[in-house]
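Note: the block below is entry-v6.csv and it holds CSV, C-alpha atoms.
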chain,number,residue,atom,x,y,z
A,1,SER,CA,-94.8,-90.6,-222.7
A,2,ASN,CA,-92.4,-88.7,-224.8
A,3,ILE,CA,-90.6,-87.4,-221.7
A,4,LYS,CA,-87.2,-89.0,-221.5
A,5,LYS,CA,-85.5,-87.0,-218.8
A,6,ASN,CA,-86.4,-84.3,-216.4
A,7,ARG,CA,-83.5,-82.1,-215.3
A,8,ILE,CA,-83.6,-79.2,-212.8
A,9,ASN,CA,-80.5,-77.1,-212.5
A,10,ARG,CA,-80.5,-73.9,-210.5
A,11,GLY,CA,-83.9,-72.7,-211.5
A,12,ARG,CA,-83.5,-73.9,-215.2
A,13,ILE,CA,-86.1,-76.5,-216.0
A,14,THR,CA,-85.4,-78.4,-219.2
A,15,ILE,CA,-87.6,-81.1,-220.7
A,16,MET,CA,-85.8,-83.6,-222.9
A,17,GLU,CA,-88.0,-84.9,-225.7
A,18,GLY,CA,-87.5,-87.2,-228.6
A,19,ARG,CA,-86.5,-84.5,-231.0
A,20,GLY,CA,-84.8,-81.6,-229.2
A,21,THR,CA,-85.2,-79.7,-226.0
A,22,THR,CA,-88.0,-77.4,-224.5
A,23,SER,CA,-86.4,-74.8,-222.2
A,24,TYR,CA,-88.4,-73.1,-219.4
A,25,ALA,CA,-85.5,-71.0,-218.3
A,26,THR,CA,-86.4,-67.3,-217.8
A,27,ASP,CA,-83.4,-66.0,-219.7
A,28,LYS,CA,-83.6,-68.2,-222.9
A,29,PRO,CA,-87.1,-69.6,-223.4
A,30,THR,CA,-87.6,-72.0,-226.3
A,31,TYR,CA,-90.7,-70.5,-228.1
A,32,GLY,CA,-92.1,-67.2,-229.0
A,33,PHE,CA,-94.6,-65.6,-226.7
A,34,SER,CA,-98.1,-67.1,-226.6
A,35,THR,CA,-100.7,-67.0,-223.8
A,36,ALA,CA,-102.2,-70.4,-224.7
A,37,THR,CA,-100.9,-73.5,-223.0
A,38,THR,CA,-100.5,-76.9,-224.7
A,39,GLU,CA,-101.6,-80.2,-223.4
A,40,PHE,CA,-97.9,-80.8,-222.6
A,41,ASP,CA,-97.7,-77.6,-220.6
A,42,ASP,CA,-100.9,-78.5,-218.7
A,43,ALA,CA,-99.4,-81.9,-217.9
A,44,LEU,CA,-96.2,-80.3,-216.5
A,45,ILE,CA,-98.2,-77.7,-214.5
A,46,SER,CA,-100.6,-80.3,-213.1
A,47,ARG,CA,-97.7,-82.5,-211.9
A,48,GLY,CA,-95.9,-79.5,-210.3
A,49,ILE,CA,-92.9,-79.7,-212.6
A,50,VAL,CA,-93.3,-76.1,-213.8
A,51,SER,CA,-95.6,-73.3,-212.8
A,52,PHE,CA,-98.0,-71.4,-215.1
A,53,GLU,CA,-95.7,-68.4,-214.7
A,54,GLN,CA,-92.7,-70.5,-215.9
A,55,ALA,CA,-94.7,-71.8,-218.8
A,56,MET,CA,-95.5,-68.3,-219.9
A,57,ILE,CA,-91.9,-67.3,-219.7
A,58,ALA,CA,-90.9,-70.3,-221.7
A,59,LYS,CA,-93.3,-69.1,-224.4
A,60,GLY,CA,-91.6,-65.7,-224.5
A,61,ALA,CA,-93.3,-63.6,-221.9
A,62,SER,CA,-91.2,-61.3,-219.6
A,63,PRO,CA,-91.1,-62.2,-216.0
A,64,GLN,CA,-93.4,-59.2,-215.1
A,65,GLU,CA,-95.9,-60.2,-217.9
A,66,ALA,CA,-95.8,-63.8,-216.8
A,67,ARG,CA,-96.6,-62.8,-213.3
A,68,ARG,CA,-99.5,-60.6,-214.4
A,69,LEU,CA,-100.9,-63.5,-216.5
A,70,ALA,CA,-100.6,-65.9,-213.6
A,71,ILE,CA,-102.6,-63.5,-211.3
A,72,LEU,CA,-105.2,-63.0,-214.0
A,73,LYS,CA,-105.5,-66.8,-214.3
A,74,GLU,CA,-106.1,-67.0,-210.6
A,75,GLY,CA,-108.8,-64.4,-210.7
A,76,GLY,CA,-106.7,-61.4,-209.5
A,77,ASP,CA,-106.2,-58.0,-210.9
A,78,GLY,CA,-103.1,-58.1,-213.1
A,79,SER,CA,-103.1,-54.4,-213.6
A,80,LYS,CA,-101.7,-54.0,-210.1
A,81,ILE,CA,-98.4,-55.7,-210.9
A,82,LEU,CA,-95.6,-53.3,-211.2
A,83,CYS,CA,-92.5,-53.8,-213.3
A,84,ASP,CA,-89.2,-54.1,-211.5
A,85,ARG,CA,-88.2,-50.5,-212.4
A,86,ASP,CA,-91.4,-49.1,-210.8
A,87,TYR,CA,-90.9,-51.3,-207.7
A,88,ASP,CA,-87.3,-50.3,-207.3
A,89,GLU,CA,-88.3,-46.7,-207.6
A,90,LYS,CA,-91.0,-47.0,-204.9
A,91,ILE,CA,-88.4,-48.7,-202.6
A,92,LYS,CA,-86.0,-45.9,-203.2
A,93,ILE,CA,-88.6,-43.3,-202.4
A,94,LYS,CA,-89.5,-45.1,-199.2
A,95,ALA,CA,-85.9,-45.3,-198.1
A,96,GLN,CA,-85.5,-41.6,-198.7
A,97,LYS,CA,-88.6,-40.9,-196.6
A,98,GLU,CA,-87.4,-43.1,-193.7
A,99,SER,CA,-84.0,-41.4,-193.7
A,100,VAL,CA,-85.3,-37.8,-194.1
A,101,LYS,CA,-84.4,-37.2,-190.4
A,102,LYS,CA,-80.7,-37.5,-191.1
A,103,VAL,CA,-79.2,-34.1,-191.9
A,104,GLY,CA,-75.4,-34.3,-192.1
A,105,ASP,CA,-74.1,-35.6,-188.9
A,106,GLY,CA,-77.2,-34.6,-186.9
A,107,TYR,CA,-80.9,-35.2,-187.1
A,108,ASP,CA,-83.9,-33.2,-188.2
A,109,TYR,CA,-86.3,-33.5,-185.3
A,110,SER,CA,-90.0,-34.0,-185.8
A,111,ASP,CA,-92.8,-32.7,-183.6
A,112,GLU,CA,-92.8,-36.1,-181.9
A,113,ASP,CA,-89.1,-35.8,-181.2
A,114,ASP,CA,-89.7,-32.3,-179.7
A,115,THR,CA,-92.3,-33.7,-177.4
A,116,ASP,CA,-90.0,-36.4,-176.3
A,117,ASP,CA,-87.3,-33.9,-175.6
A,118,GLU,CA,-89.7,-31.8,-173.5
A,119,ASN,CA,-90.6,-34.8,-171.5
A,120,ASP,CA,-87.0,-35.7,-171.0
A,121,GLU,CA,-86.2,-32.2,-169.9
A,122,GLU,CA,-89.0,-32.1,-167.4
A,123,PHE,CA,-87.9,-35.5,-166.0
A,124,LEU,CA,-84.3,-34.3,-165.7
A,125,LYS,CA,-85.5,-31.1,-164.0
A,126,LYS,CA,-87.4,-33.1,-161.3
A,127,TYR,CA,-84.6,-35.5,-160.9
A,128,ARG,CA,-82.1,-32.7,-160.4
A,129,GLN,CA,-84.3,-31.1,-157.8
A,130,MET,CA,-84.7,-34.3,-156.0
A,131,ARG,CA,-80.9,-34.8,-155.9
A,132,ILE,CA,-80.4,-31.2,-154.6
A,133,ASN,CA,-82.8,-31.9,-151.8
A,134,GLU,CA,-81.0,-35.1,-150.9
A,135,MET,CA,-77.7,-33.3,-150.9
A,136,LYS,CA,-79.0,-30.6,-148.7
A,137,ARG,CA,-80.4,-33.1,-146.3
A,138,LYS,CA,-77.2,-35.1,-146.4
A,139,TYR,CA,-74.7,-32.2,-145.9
A,140,GLN,CA,-76.8,-29.6,-144.1
A,141,ARG,CA,-75.7,-29.2,-140.5
A,142,TYR,CA,-77.4,-27.5,-137.6
A,143,GLY,CA,-75.5,-28.1,-134.4
A,144,GLU,CA,-77.8,-26.0,-132.2
A,145,VAL,CA,-81.3,-25.6,-131.0
A,146,ILE,CA,-83.4,-23.2,-133.1
A,147,HIS,CA,-86.1,-21.2,-131.3
A,148,ILE,CA,-89.3,-20.8,-133.2
A,149,SER,CA,-92.7,-19.3,-132.8
A,150,ARG,CA,-96.1,-20.6,-133.8
A,151,PRO,CA,-96.1,-19.0,-137.3
A,152,ASP,CA,-92.7,-20.7,-138.0
A,153,TRP,CA,-94.0,-24.2,-137.2
A,154,LYS,CA,-95.1,-25.2,-140.7
A,155,ARG,CA,-91.9,-24.0,-142.4
A,156,GLU,CA,-89.4,-25.1,-139.7
A,157,VAL,CA,-91.1,-28.4,-138.8
A,158,ASN,CA,-93.6,-29.8,-141.3
A,159,GLU,CA,-91.9,-28.6,-144.5
A,160,ALA,CA,-88.4,-29.2,-143.2
A,161,SER,CA,-89.1,-32.8,-142.3
A,162,LYS,CA,-91.0,-33.5,-145.6
A,163,ASN,CA,-87.9,-34.9,-147.4
A,164,GLY,CA,-86.9,-37.3,-144.6
A,165,LEU,CA,-85.1,-35.0,-142.2
A,166,TRP,CA,-85.6,-35.7,-138.5
A,167,VAL,CA,-86.9,-32.7,-136.6
A,168,ILE,CA,-87.0,-32.8,-132.8
A,169,VAL,CA,-89.4,-30.3,-131.2
A,170,ASN,CA,-88.9,-29.5,-127.5
A,171,LEU,CA,-91.9,-27.8,-125.8
A,172,THR,CA,-90.6,-25.5,-123.2
A,173,ARG,CA,-92.2,-23.8,-120.2
A,174,SER,CA,-94.1,-20.6,-120.3
A,175,SER,CA,-94.0,-18.2,-117.4
A,176,SER,CA,-95.8,-20.5,-115.0
A,177,SER,CA,-94.4,-23.7,-113.4
A,178,LEU,CA,-95.6,-26.3,-111.0
A,179,SER,CA,-92.7,-26.5,-108.6
A,180,ARG,CA,-89.0,-26.0,-108.2
A,181,ARG,CA,-88.5,-29.7,-108.8
A,182,HIS,CA,-90.5,-29.4,-112.0
A,183,ASP,CA,-88.3,-26.5,-113.1
A,184,GLU,CA,-85.2,-28.6,-112.5
A,185,VAL,CA,-86.5,-31.5,-114.6
A,186,CYS,CA,-87.4,-29.1,-117.4
A,187,ASP,CA,-84.0,-27.4,-117.2
A,188,SER,CA,-82.2,-30.8,-117.4
A,189,VAL,CA,-84.2,-31.8,-120.5
A,190,GLU,CA,-83.4,-28.5,-122.2
A,191,GLU,CA,-79.7,-28.9,-121.4
A,192,ALA,CA,-79.8,-32.4,-122.8
A,193,VAL,CA,-81.5,-31.2,-126.0
A,194,ARG,CA,-78.7,-28.6,-126.5
A,195,GLU,CA,-76.0,-31.3,-126.1
A,196,LEU,CA,-77.8,-33.6,-128.5
A,197,ALA,CA,-78.1,-30.8,-131.1
A,198,GLU,CA,-74.3,-30.3,-131.0
A,199,LEU,CA,-73.6,-34.0,-131.1
A,200,PHE,CA,-76.1,-34.9,-133.9
A,201,ASP,CA,-75.8,-31.9,-136.2
A,202,GLU,CA,-77.6,-33.6,-139.1
A,203,VAL,CA,-80.8,-33.6,-137.0
A,204,LYS,CA,-82.7,-30.4,-136.6
A,205,PHE,CA,-83.6,-29.5,-133.0
A,206,VAL,CA,-86.2,-26.7,-132.4
A,207,SER,CA,-87.8,-25.4,-129.2
A,208,ILE,CA,-91.0,-23.5,-128.8
A,209,ALA,CA,-93.0,-22.4,-125.8
A,210,SER,CA,-95.7,-25.0,-125.1
A,211,THR,CA,-98.6,-22.5,-125.0
A,212,SER,CA,-97.4,-21.0,-128.3
A,213,ALA,CA,-97.3,-24.3,-130.0
A,214,ILE,CA,-100.4,-25.9,-128.6
A,215,GLU,CA,-103.0,-23.7,-126.9
A,216,ASN,CA,-104.0,-24.9,-123.4
A,217,TRP,CA,-101.2,-27.5,-123.4
A,218,PRO,CA,-101.1,-28.8,-119.7
A,219,VAL,CA,-98.0,-27.6,-117.9
A,220,GLU,CA,-97.8,-30.9,-116.0
A,221,ASN,CA,-97.1,-32.6,-119.3
A,222,LEU,CA,-93.8,-30.8,-119.6
A,223,PRO,CA,-91.1,-31.6,-120.6
A,224,SER,CA,-92.5,-32.8,-123.9
A,225,LEU,CA,-90.6,-33.9,-127.1
A,226,PHE,CA,-92.1,-34.4,-130.5
A,227,TYR,CA,-90.4,-36.2,-133.3
A,228,TYR,CA,-91.2,-35.4,-137.0
A,229,ARG,CA,-90.1,-37.0,-140.2
A,230,PHE,CA,-91.7,-36.8,-143.7
A,231,GLY,CA,-94.0,-34.0,-142.7
Let me see the structure of the file written as structure tokens.
Amino acid sequence: SNIKKNRINRGRITIMEGRGTTSYATDKPTYGFSTATTEFDDALISRGIVSFEQAMIAKGASPQEARRLAILKEGGDGSKILCDRDYDEKIKIKAQKESVKKVGDGYDYSDEDDTDDENDEEFLKKYRQMRINEMKRKYQRYGEVIHISRPDWKREVNEASKNGLWVIVNLTRSSSSLSRRHDEVCDSVEEAVRELAELFDEVKFVSIASTSAIENWPVENLPSLFYYRFG
């Protein structure tokens, strides 16, 4: 073989021959451009010492043209290869498109951003209302027994207890009673309920006539207390 020495130095491949040097460097190739490879080029390519693209550059082809020829040799479409200037321009345009939202110190919002903002606003609205309800439940004070009628039941009991508030309902006597002893017991319970309402002012105490709350409620079942929470 005429190859005396193979030297690779930072991308520069130089083949030392008996009479002079063949340079495959991309900046200073040895020969003028030719698309035909010699037996010597083929030997280097087959041994992986240089690539076909490097061989074309060594013959005078530009890097873009060498790349196009390499793709053509592999059966590709060399016409799709862009020169570096075109490629850089495409990258520049892409970067401009990606940064189009930036306007000064702020942003230019797209429709998708508007939708996200609407969703965030709706979420914050619900969260704010939830916190208001919690604060009302935490800081609202009653301190007394509230007398209600049947039409008030849903609002004062079911809806009031929906957010976790305890509502105590005391069913009181109507006009009729069983006995004096029964009246004394009912009076004692009503007095106890009033005292508890003053003591636990964060709990809602309501009273309603038994026959108004529940039709045909047996008088012998009095006194009766109902406890409501979460509706």
Next item on the list: Skip region 175-181 of chain A itself and residues of its chain fewer than 5 positions away, then list as a VMD selection string all residues within 10 Å of it, counting only C-alpha atoms.
Entry: chain A and resid 186 to 187 209 211 219 to 220 222
Checklist line | Residue nearest His182 (chain A) among A:Pro223, A:Ile168, A:Glu144, A:Ile132 (counting all atoms listed in the file) | finding: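 Among the listed residues, A:Pro223 lies closest to His182 (chain A).
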Check: What is the CA of Glu159 (chain A) to CA of Asn216 (chain A) distance in Å?
Finding: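 If I compute the distance from CA of Glu159 (chain A) to CA of Asn216 (chain A), I get 24.6 Å.
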Check: Between A:Ala58, A:Ala36, A:Leu171, A:Leu196, which one has atoms that come closest to His147 (chain A), using only C-alpha atoms?
Finding: A:Leu171
Check: Suppose you want the space between CA of Lys59 (chain A) and CA of Gly75 (chain A); what is it in Å?
Finding: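 Computing the Euclidean distance for CA of Lys59 (chain A) and CA of Gly75 (chain A) yields 21.2 Å.
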Next item on the list: Find the residues with any atom within 12 Å of (-89.3, -32.5, -146.3); use all atoms listed in the file and the coordinates as given in the file, and write the answer as a list in words.
Entry: Met130, Asn133, Glu134, Lys136, Arg137, Lys154, Arg155, Glu156, Val157, Asn158, Glu159, Ala160, Ser161, Lys162, Asn163, Gly164, Leu165, Trp166, Val167, Lys204, Tyr228, Arg229, Phe230 and Gly231 of chain A
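For the pair CA of Val145 (chain A) and CA of Val185 (chain A), the separation is 18.2 Å.
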Item checked: Contacts of region 43-54 of chain A within 6 Å, only C-alpha atoms, excl. fewer than 4 positions in-chain, as a list in words ->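 Near region 43-54 of chain A, the qualifying residues are Ala66, Arg67 and Ala70 of chain A.
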Check: Near Ser207 (chain A), counting all atoms listed in the file, which residues have an atom at most 12 Å away, once you skip same-chain residues fewer than 6 positions from it, shown as a PyMOL selection string?
Finding: chain A and resi 144-150+152-153+156-157+167-174+189-191+193-194+197+213+223-227
